[in-house]
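**Student:** The following block contains the structure, expressed as structure tokens.
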There are 2 protein chains.
Amino acid sequence: MSDRGDGAGTDTAEHGQFRQLPPLRTDLTPIVEAIDAADADAFVAVGDRFDDDLRYLTRFCGPDRPYALVIVPDDGTAGRAICCAPSLFREQAEREFVAGTRDRSEGDDDGEFHDGEFHDGVAREVRTDRVGDHAGERAAAVVRGLLGSETDDSSETDDNTLLVPPSIPHDAAVYLERDGNALASTDAVATARARKTAAELDRLRRVQRAAVAGMARAEAVLAESEVGTDETESPALRWEGAPLTAERLRRAVNATLAARGVRDAGNTAIGAGPSATDRHCVGDNPVRPGETVLIDVSPRGPDGYYGDLTRTFVVDGDGGWERRAYLAVESARDVALDEIEPGVPAKAVHGEAAAELAAYGFDPNAGEGEAGFTHDTGHGVGVSRHESPSLSSGTELRPGHVVAIGPGVYDPDVGGVRLEDLVVVSEDGYEILAEYPFGIVPSERE
Amino acid sequence: MSDRGDGAGTDTAEHGQFRQLPPLRTDLTPIVEAIDAADADAFVAVGDRFDDDLRYLTRFCGPDRPYALVIVPDDGTAGRAICCAPSLFREQAEREFVAGTRDRSEGDDDGEFHDGEFHDGVAREVRTDRVGDHAGERAAAVVRGLLGSETDDSSETDDNTLLVPPSIPHDAAVYLERDGNALASTDAVATARARKTAAELDRLRRVQRAAVAGMARAEAVLAESEVGTDETESPALRWEGAPLTAERLRRAVNATLAARGVRDAGNTAIGAGPSATDRHCVGDNPVRPGETVLIDVSPRGPDGYYGDLTRTFVVDGDGGWERRAYLAVESARDVALDEIEPGVPAKAVHGEAAAELAAYGFDPNAGEGEAGFTHDTGHGVGVSRHESPSLSSGTELRPGHVVAIGPGVYDPDVGGVRLEDLVVVSEDGYEILAEYPFGIVPSERE
């Protein structure tokens with residue numbers, strides 16, 4: 001029996017493309033260095049599985065209630081990292097956070113690293129002992145056990161200083177402060193996240209290839225659609241015997257993403273005509289001939305990394321506004337990409353795109369709901385869909401930065417055109433993580 | 001052309017099942033009452049789109065960076081609620097948070113509520129003015145504008161008291177405190193969330209029906225599979241010409257969920273044999289004859305509500321451990337359901353299930369990695385996958401509580417059996433939100 005006959009889950013070419021990879025591990029050295037640089041005593045993060053900083057640091061796809069990570073410098077090793085997890089998650093936390101990592105102080109028979117091992121010298125462990133109900137209490141107990149605390153002796157005020165992410169839950173912060181710790185926020189995690197390792201780039205390429213497959217599905221549906229009429233006799237596209245709507249198109253894309261082993265993550269935004277100006281459109285309006293159909297796909301892979309890909313099509317267009325917009329946006333994309341290389345301020349990339357759109361007669365500073373370019377040219381992408389570097393910031397681009405480049409122009413009365421690709425900054429320019437062709441008229445590419 | 005020929009997005013029966021519903025609106029009265037009861041001045045929440053409290057309160061599927069909600073009692077209305085959103089999200093916030101709600105003080109021509117209108121008397125508005133970079137600063141400015149603040153006059157100490165969810169981001173809490181507010185945490189949101197309205201139950205039923213479709217797909221794949229061998233000549237299931245793995249089965253389920261318009265949310269856990277004892281299994285191991293195949297589907301609908309459904313199958317079983325386990329778990333499920341009615345302590349439901357499993361010879365208090373019943377019988381489900389009431393708590397069940405009931409037994413050397421359904425507590429018992437048949441031998445049910 002053929003493996004190709006069913007869209008649901010049978011794509012052997014991509015089968016296991018994520019699951020059979022060695023597990024990702026994060027180098028915790030920058031966090032240990034940040035503790036030392038701040039003259040602090042430890043780093044503490046508290047959050048649930050939706051906390052992307054914790055996901056990055058631990059690679060633990062944890063529970064949907066808070067857990068904690070404590071990192072301390074250590075004389076015997078390059079540092080110690082303790083993940084305080086619910087006991088039901090011990091096996092998963094061991095597998096995802098600890099397995100395959102080793103302390104540099106452990107002797108190697110041959111002095112070499114072994115397959116699947118990861119050495120940053122930070123000794124990792126999982127603790128599931130229940131010290132209080134809240135992850136903040138458990139983190140406080142771990143800090144007290146490792147560093148000691150002067151709260152027992154009211155004559156002393158030698159508190160520990162803990163680095164924490166700025167958005168640590170307030171109740172966790174209060175538990176840590178009550179236990180005799182002073183908190184200081186750090187951006188060390190955001191900084192570390194911005195530059196991707198080769199293993200992270202591999203994950204980003206894979207999820208972006210799944211985004212390409214989803215886009216090809218959308219384009220094929222549009223190519224297969226025919227011009228007909230809806231129940232009010234207005235022109236409308238029909239596909240497989242029924243009116244084509246944004247929702248039907250979205251489901252086709254999302255089923256393709258699922259079959260590739262990635263999640264749509266609620267991010268498949270499809271606008272048609274005026275609704276294309278709403279960048280977060282998840283409506284169910286009909287798709288009509290001559291309208292811009294804007295398709296933004298941003299799936300999330302099993303390791304948490306996002307893709308981001310946008311294309312715009314018109315079925316049976318008349319070559320009016322949308323042609324001019326498409327040319328302008330494609331040109332803006334090109335000049336933005338040309339600007340990308342290490343050392344360039346991120347906002348210069350946006351500046352180039354905006355200037356190009358202005359040259360085509362589009363307002364480069366349009367406000368929400370106005371006609372023109374209403375948003376930034378792009379943003380960093382990683383375990384968050386939006387992360388550093390922002391293309392409105394003065395941050396200098398550096399090798400390993402991954403950014404979505406997606407200029408667009410909109411007219412609230414007509415529609416919108418956006419073209420967005422995911423690129424990594426290389427030593428001398430950039431690399432597109434997965435190519436997708438251009439063209440306003442949809443073709444069969446599946 | 002038939003509408004049934006393609007698994008991806010063409011299911012007209014379910015087409016638009018979510019998108020064409022009137023928007024959900026949340027009655028904010030309990031929050032206003034909590035402010036009054038605590039003698040506080042306002043309620044403030046800060047979070048991003050992954051913050052389920054904010055999702056519930058605002059119905060705004062917001063940005064992935066923090067935004068804020070401020071609620072204050074008001075003499076002219078039942079209260080005022082201000083959503084501080086990024087300007088790019090104004091249209092979406094207006095549509096999702098404000099549209100269709102009306103102030104009770106507005107005159108009705110006929111004194112009646114109109115279709116699509118929602119009246120809790122709380123006047124809602126969206127503000128996108130940029131006051132500082134952080135949502136906490138914007139919330140502080142809104143509080144200052146509405147309530148005034150004595151921080152300008154250092155001789156006064158008449159601070160405002162703000163109720164906040166316990167896990168409000170610490171940086172937001174610090175902005176609010178610096179602006180002269182005292183914070184007090186409240187569980188009013190969690191309490192309000194626990195009891196579902198008719199509109200919420202409608203959403204929960206719809207997403208659970210999608211979970212049923214996903215489960216039927218998994219069962220059909222198992223029913224279609226044939227006993228063969230893998231590359232090491234060990235017995236293994238084959239489906240559509242290739243070895244069946246947990247990952248292939250997961251992708252088939254997830255593509256079906258996507259085609260129904262819901263997200264798998266990364267929650268489709270499929271274990272086979274010993275891996276079925278890991279309740280969070282997302283591996284890619286082969287599925288073998290005679291093994292328990294445990295399939296836990298917990299998709300999320302477009303309005304944020306989760307389903308939760310678990311079944312266990314065995315292909316070509318020999319009627320050993322898994323038969324006994326299945327009978328025990330089915331019986332434990334039945335006695336747990338029999339216990340459900342208003343006024344019963346939630347943990348009594350767990351107690352009944354545990355006692356029944358013990359009567360079948362399974363350890364009702366097994367620890368992680370041991371043989372027996374290793375977890376709670378269930379948990380509340382709503383805009384979070386796990387929410388109030390917990391079935392290990394003393395909370396009395398009340399009408400409108402929605403709980404997943406899912407006893408299970410595991411043997412780390414053999415496998416695991418769990419059966420889980422989503423039920424709502426009714427006035428005199430319970431209702432299963434979407435039925436799915438039982439049976440350890442997989443059948444075609446699609």
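To be explicit about the labels: the chains of the structure tokens are called A, B, and onward in the order shown, and within each one the residues are counted from 1, while ligands get numbers from 1 in the order they are shown.
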Residues within 12 Å of B:Ala236, please, as a VMD selection string. Count only C-alpha atoms; anything in the same chain fewer than 4 positions from it doesn't count.
**Tutor:** chain B and resid 222 225 to 232 242 to 246 272 to 273 285 to 291 315 to 316
**Student:** If we count only C-alpha atoms and set the cut-off at 12 Å, which residues sit around B:Arg130, ignoring sequence neighbours fewer than 5 positions away in its own chain? Please answer as a PyMOL selection string.
**Tutor:** chain B and resi 67+84-88+135-139+141-142
**Student:** Could you save the residues just selected, with N, CA and C atoms, as a PDB file, in the first residue's frame?
**Tutor:**
ATOM      1  N   TYR B  67       0.656  42.313  28.254  1.00  0.00           N
ATOM      2  CA  TYR B  67      -0.322  43.392  28.220  1.00  0.00           C
ATOM      3  C   TYR B  67      -1.013  43.404  29.577  1.00  0.00           C
ATOM      4  N   CYS B  84      -5.056  47.304  28.388  1.00  0.00           N
ATOM      5  CA  CYS B  84      -3.944  48.078  27.832  1.00  0.00           C
ATOM      6  C   CYS B  84      -3.196  47.175  26.863  1.00  0.00           C
ATOM      7  N   ALA B  85      -3.419  47.393  25.570  1.00  0.00           N
ATOM      8  CA  ALA B  85      -2.873  46.502  24.549  1.00  0.00           C
ATOM      9  C   ALA B  85      -1.870  47.243  23.681  1.00  0.00           C
ATOM     10  N   PRO B  86      -0.958  46.514  23.034  1.00  0.00           N
ATOM     11  CA  PRO B  86      -0.088  47.163  22.046  1.00  0.00           C
ATOM     12  C   PRO B  86      -0.942  47.715  20.907  1.00  0.00           C
ATOM     13  N   SER B  87      -0.510  48.840  20.322  1.00  0.00           N
ATOM     14  CA  SER B  87      -1.363  49.500  19.330  1.00  0.00           C
ATOM     15  C   SER B  87      -1.620  48.603  18.120  1.00  0.00           C
ATOM     16  N   LEU B  88      -0.668  47.748  17.776  1.00  0.00           N
ATOM     17  CA  LEU B  88      -0.890  46.848  16.636  1.00  0.00           C
ATOM     18  C   LEU B  88      -2.026  45.869  16.889  1.00  0.00           C
ATOM     19  N   ALA B 135       4.185  46.761  30.277  1.00  0.00           N
ATOM     20  CA  ALA B 135       2.755  46.709  30.559  1.00  0.00           C
ATOM     21  C   ALA B 135       2.472  47.072  32.016  1.00  0.00           C
ATOM     22  N   GLY B 136       3.420  46.789  32.911  1.00  0.00           N
ATOM     23  CA  GLY B 136       3.244  47.176  34.322  1.00  0.00           C
ATOM     24  C   GLY B 136       3.198  48.682  34.478  1.00  0.00           C
ATOM     25  N   GLU B 137       4.010  49.407  33.715  1.00  0.00           N
ATOM     26  CA  GLU B 137       3.992  50.875  33.761  1.00  0.00           C
ATOM     27  C   GLU B 137       2.659  51.401  33.234  1.00  0.00           C
ATOM     28  N   ARG B 138       2.179  50.749  32.170  1.00  0.00           N
ATOM     29  CA  ARG B 138       0.920  51.208  31.571  1.00  0.00           C
ATOM     30  C   ARG B 138      -0.236  50.950  32.526  1.00  0.00           C
ATOM     31  N   ALA B 139      -0.204  49.798  33.191  1.00  0.00           N
ATOM     32  CA  ALA B 139      -1.250  49.520  34.176  1.00  0.00           C
ATOM     33  C   ALA B 139      -1.182  50.522  35.320  1.00  0.00           C
ATOM     34  N   ALA B 141      -0.113  53.558  35.208  1.00  0.00           N
ATOM     35  CA  ALA B 141      -0.616  54.860  34.745  1.00  0.00           C
ATOM     36  C   ALA B 141      -2.140  54.868  34.688  1.00  0.00           C
ATOM     37  N   VAL B 142      -2.734  53.760  34.262  1.00  0.00           N
ATOM     38  CA  VAL B 142      -4.195  53.683  34.219  1.00  0.00           C
ATOM     39  C   VAL B 142      -4.771  53.755  35.633  1.00  0.00           C
TER      40      VAL B 142
END
**Student:** With the cut-off set at 6 Å and counting only C-alpha atoms, tabulate each residue of chain B with an atom at most that distance from an atom of chain A, showing the nearest atom pair and its distance in Å to one decimal, ordered by chain and increasing number, as a tab-separated table.
**Tutor:**
residue	atom	partner	partner_atom	distance
B:Met1	CA	A:Gly241	CA	5.4
B:Asp3	CA	A:Glu240	CA	5.7
B:Ala8	CA	A:Ala252	CA	4.5
B:Gly9	CA	A:Ala252	CA	4.3
B:Leu88	CA	A:Glu368	CA	5.8
B:Pro166	CA	A:Asp171	CA	5.5
B:Ser167	CA	A:Pro169	CA	4.6
B:Ile168	CA	A:His170	CA	5.5
B:Pro169	CA	A:Ser167	CA	4.6
B:His170	CA	A:His170	CA	4.1
B:Asp171	CA	A:Pro166	CA	5.5
B:Glu240	CA	A:Met1	CA	5.4
B:Gly241	CA	A:Met1	CA	5.5
B:Arg248	CA	A:Gly9	CA	5.5
B:Arg251	CA	A:Gly9	CA	4.3
B:Ala252	CA	A:Gly9	CA	4.1
B:Asn254	CA	A:Ala258	CA	5.4
B:Ala255	CA	A:Ala255	CA	4.2
B:Ala258	CA	A:Ala255	CA	4.9
B:Ala259	CA	A:Arg251	CA	4.9
B:Gly261	CA	A:Arg251	CA	5.9
B:Glu368	CA	A:Leu88	CA	5.9
**Student:** Could you write out the selected residues, including N, CA and C atoms, as a JSON list (two decimals), in the first residue's frame?
**Tutor:**
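Contents of out.json, as written:
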[["chain", "number", "residue", "atom", "x", "y", "z"],
["B", 1, "MET", "N", -17.31, 17.63, -7.12],
["B", 1, "MET", "CA", -16.23, 16.91, -6.42],
["B", 1, "MET", "C", -16.64, 16.71, -4.96],
["B", 3, "ASP", "N", -16.58, 16.39, -1.00],
["B", 3, "ASP", "CA", -15.93, 17.12, 0.07],
["B", 3, "ASP", "C", -15.23, 16.20, 1.06],
["B", 8, "ALA", "N", -7.54, 16.97, 4.87],
["B", 8, "ALA", "CA", -7.00, 18.25, 5.32],
["B", 8, "ALA", "C", -8.01, 19.38, 5.10],
["B", 9, "GLY", "N", -8.79, 19.64, 6.10],
["B", 9, "GLY", "CA", -9.52, 20.90, 6.13],
["B", 9, "GLY", "C", -10.81, 20.92, 5.35],
["B", 88, "LEU", "N", -0.67, 47.75, 17.78],
["B", 88, "LEU", "CA", -0.89, 46.85, 16.64],
["B", 88, "LEU", "C", -2.03, 45.87, 16.89],
["B", 166, "PRO", "N", -1.71, 35.80, 41.98],
["B", 166, "PRO", "CA", -0.46, 35.53, 42.71],
["B", 166, "PRO", "C", 0.77, 35.52, 41.82],
["B", 167, "SER", "N", 0.61, 35.08, 40.56],
["B", 167, "SER", "CA", 1.79, 34.91, 39.72],
["B", 167, "SER", "C", 2.00, 36.07, 38.76],
["B", 168, "ILE", "N", 1.45, 37.24, 39.06],
["B", 168, "ILE", "CA", 1.72, 38.42, 38.23],
["B", 168, "ILE", "C", 3.24, 38.56, 38.08],
["B", 169, "PRO", "N", 3.72, 38.94, 36.89],
["B", 169, "PRO", "CA", 5.18, 39.05, 36.74],
["B", 169, "PRO", "C", 5.77, 40.03, 37.76],
["B", 170, "HIS", "N", 6.93, 39.64, 38.31],
["B", 170, "HIS", "CA", 7.53, 40.43, 39.38],
["B", 170, "HIS", "C", 7.86, 41.85, 38.92],
["B", 171, "ASP", "N", 8.33, 42.01, 37.70],
["B", 171, "ASP", "CA", 8.66, 43.37, 37.24],
["B", 171, "ASP", "C", 7.41, 44.24, 37.17],
["B", 240, "GLU", "N", 0.12, 0.88, 6.44],
["B", 240, "GLU", "CA", 0.36, 1.50, 5.13],
["B", 240, "GLU", "C", 1.80, 1.31, 4.68],
["B", 241, "GLY", "N", 2.27, 0.07, 4.81],
["B", 241, "GLY", "CA", 3.54, -0.28, 4.22],
["B", 241, "GLY", "C", 4.79, 0.05, 5.01],
["B", 248, "ARG", "N", 4.16, 8.22, 14.18],
["B", 248, "ARG", "CA", 3.24, 8.18, 13.03],
["B", 248, "ARG", "C", 1.80, 8.25, 13.52],
["B", 251, "ARG", "N", 1.01, 11.81, 14.57],
["B", 251, "ARG", "CA", 0.78, 12.73, 13.44],
["B", 251, "ARG", "C", -0.59, 12.50, 12.80],
["B", 252, "ALA", "N", -1.01, 11.24, 12.76],
["B", 252, "ALA", "CA", -2.34, 10.95, 12.20],
["B", 252, "ALA", "C", -3.42, 11.61, 13.07],
["B", 254, "ASN", "N", -3.01, 14.17, 15.13],
["B", 254, "ASN", "CA", -2.89, 15.63, 15.13],
["B", 254, "ASN", "C", -3.39, 16.24, 13.82],
["B", 255, "ALA", "N", -3.20, 15.54, 12.71],
["B", 255, "ALA", "CA", -3.72, 16.05, 11.44],
["B", 255, "ALA", "C", -5.25, 16.05, 11.47],
["B", 258, "ALA", "N", -6.31, 19.03, 13.54],
["B", 258, "ALA", "CA", -6.15, 20.28, 12.78],
["B", 258, "ALA", "C", -7.27, 20.44, 11.77],
["B", 259, "ALA", "N", -7.65, 19.35, 11.12],
["B", 259, "ALA", "CA", -8.72, 19.41, 10.12],
["B", 259, "ALA", "C", -10.06, 19.75, 10.77],
["B", 261, "GLY", "N", -10.22, 21.95, 13.16],
["B", 261, "GLY", "CA", -10.13, 23.34, 13.61],
["B", 261, "GLY", "C", -9.66, 23.51, 15.04],
["B", 368, "GLU", "N", 5.93, 7.24, 41.52],
["B", 368, "GLU", "CA", 6.41, 7.32, 40.14],
["B", 368, "GLU", "C", 7.40, 6.19, 39.87]]
**Student:** Looking at B:Arg144, B:Arg311, B:His401, B:Arg124, which one is nearest to B:Ala211, with distances taken over only C-alpha atoms?
**Tutor:**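 With only C-alpha atoms as the atom set, the closest residue is B:Arg311.
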**Student:** Got a sec to tell me which of stretch 241-304 of chain A DSSP assigns to strand (DSSP E or B), as a PyMOL selection string?
**Tutor:** chain A and resi 242-243+245+263+269-272+286+292-297+300
**Student:** Set the distance at 9 Å and use only C-alpha atoms: which residues neighbour stretch 275-277 of chain A once local chain neighbours fewer than 4 positions away are removed? I'd like the list as number ranges by chain.
**Tutor:** A: 269-271, 281, 283, 285, 292-295, 369, 409-417
**Student:** Which distance in Å separates atom CA of B:Leu419 and atom CA of B:Leu309, to one decimal?
**Tutor:**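 That distance, rounded to one decimal, is 7.6 Å.
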**Student:** Can you measure atom CA of A:Gly394 to atom CA of A:Ala366 for me? One decimal in Å is fine.
**Tutor:** 21.2 Å
**Student:** Need to verify the contact set: A:Glu352, 8 Å, only C-alpha atoms, exclusion of same-chain residues closer than 4 positions in sequence. Can you return it as a list of chain:residue names?
**Tutor:**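 Everything that qualifies: A:Ala332, A:Val335, A:Ala336, A:Glu339, A:Ala348, A:Glu356.
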**Student:** Given the selection you just returned, output its residues as a file containing C-alpha atoms, formatted as a short mmCIF file (atom, residue, chain, number, x, y, z; two decimals), in the first residue's frame.
**Tutor:**
data_model
loop_
_atom_site.label_atom_id
_atom_site.label_comp_id
_atom_site.auth_asym_id
_atom_site.auth_seq_id
_atom_site.Cartn_x
_atom_site.Cartn_y
_atom_site.Cartn_z
CA ALA A 332 11.81 46.00 0.22
CA VAL A 335 17.08 45.58 0.19
CA ALA A 336 16.46 44.50 3.78
CA GLU A 339 21.65 45.05 4.57
CA ALA A 348 19.14 49.75 9.80
CA GLU A 356 12.26 51.22 -0.34
#
**Student:** Using only C-alpha atoms, which protein or nucleic acid residues come within 6 Å of stretch 24-35 of chain A? Drop anything in the same chain fewer than 3 positions from it, and give the result as a short mmCIF file (atom, residue, chain, number, x, y, z; two decimals) with C-alpha atoms, in the first residue's frame.
**Tutor:**
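Wrote result_18.cif, looks like this:
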data_model
loop_
_atom_site.label_atom_id
_atom_site.label_comp_id
_atom_site.auth_asym_id
_atom_site.auth_seq_id
_atom_site.Cartn_x
_atom_site.Cartn_y
_atom_site.Cartn_z
CA ALA A 38 27.10 40.63 38.98
CA ALA A 40 25.69 37.47 42.85
CA LEU A 57 17.77 26.68 29.84
CA PRO A 73 28.81 28.55 40.72
CA ASP A 120 29.61 22.59 29.70
#
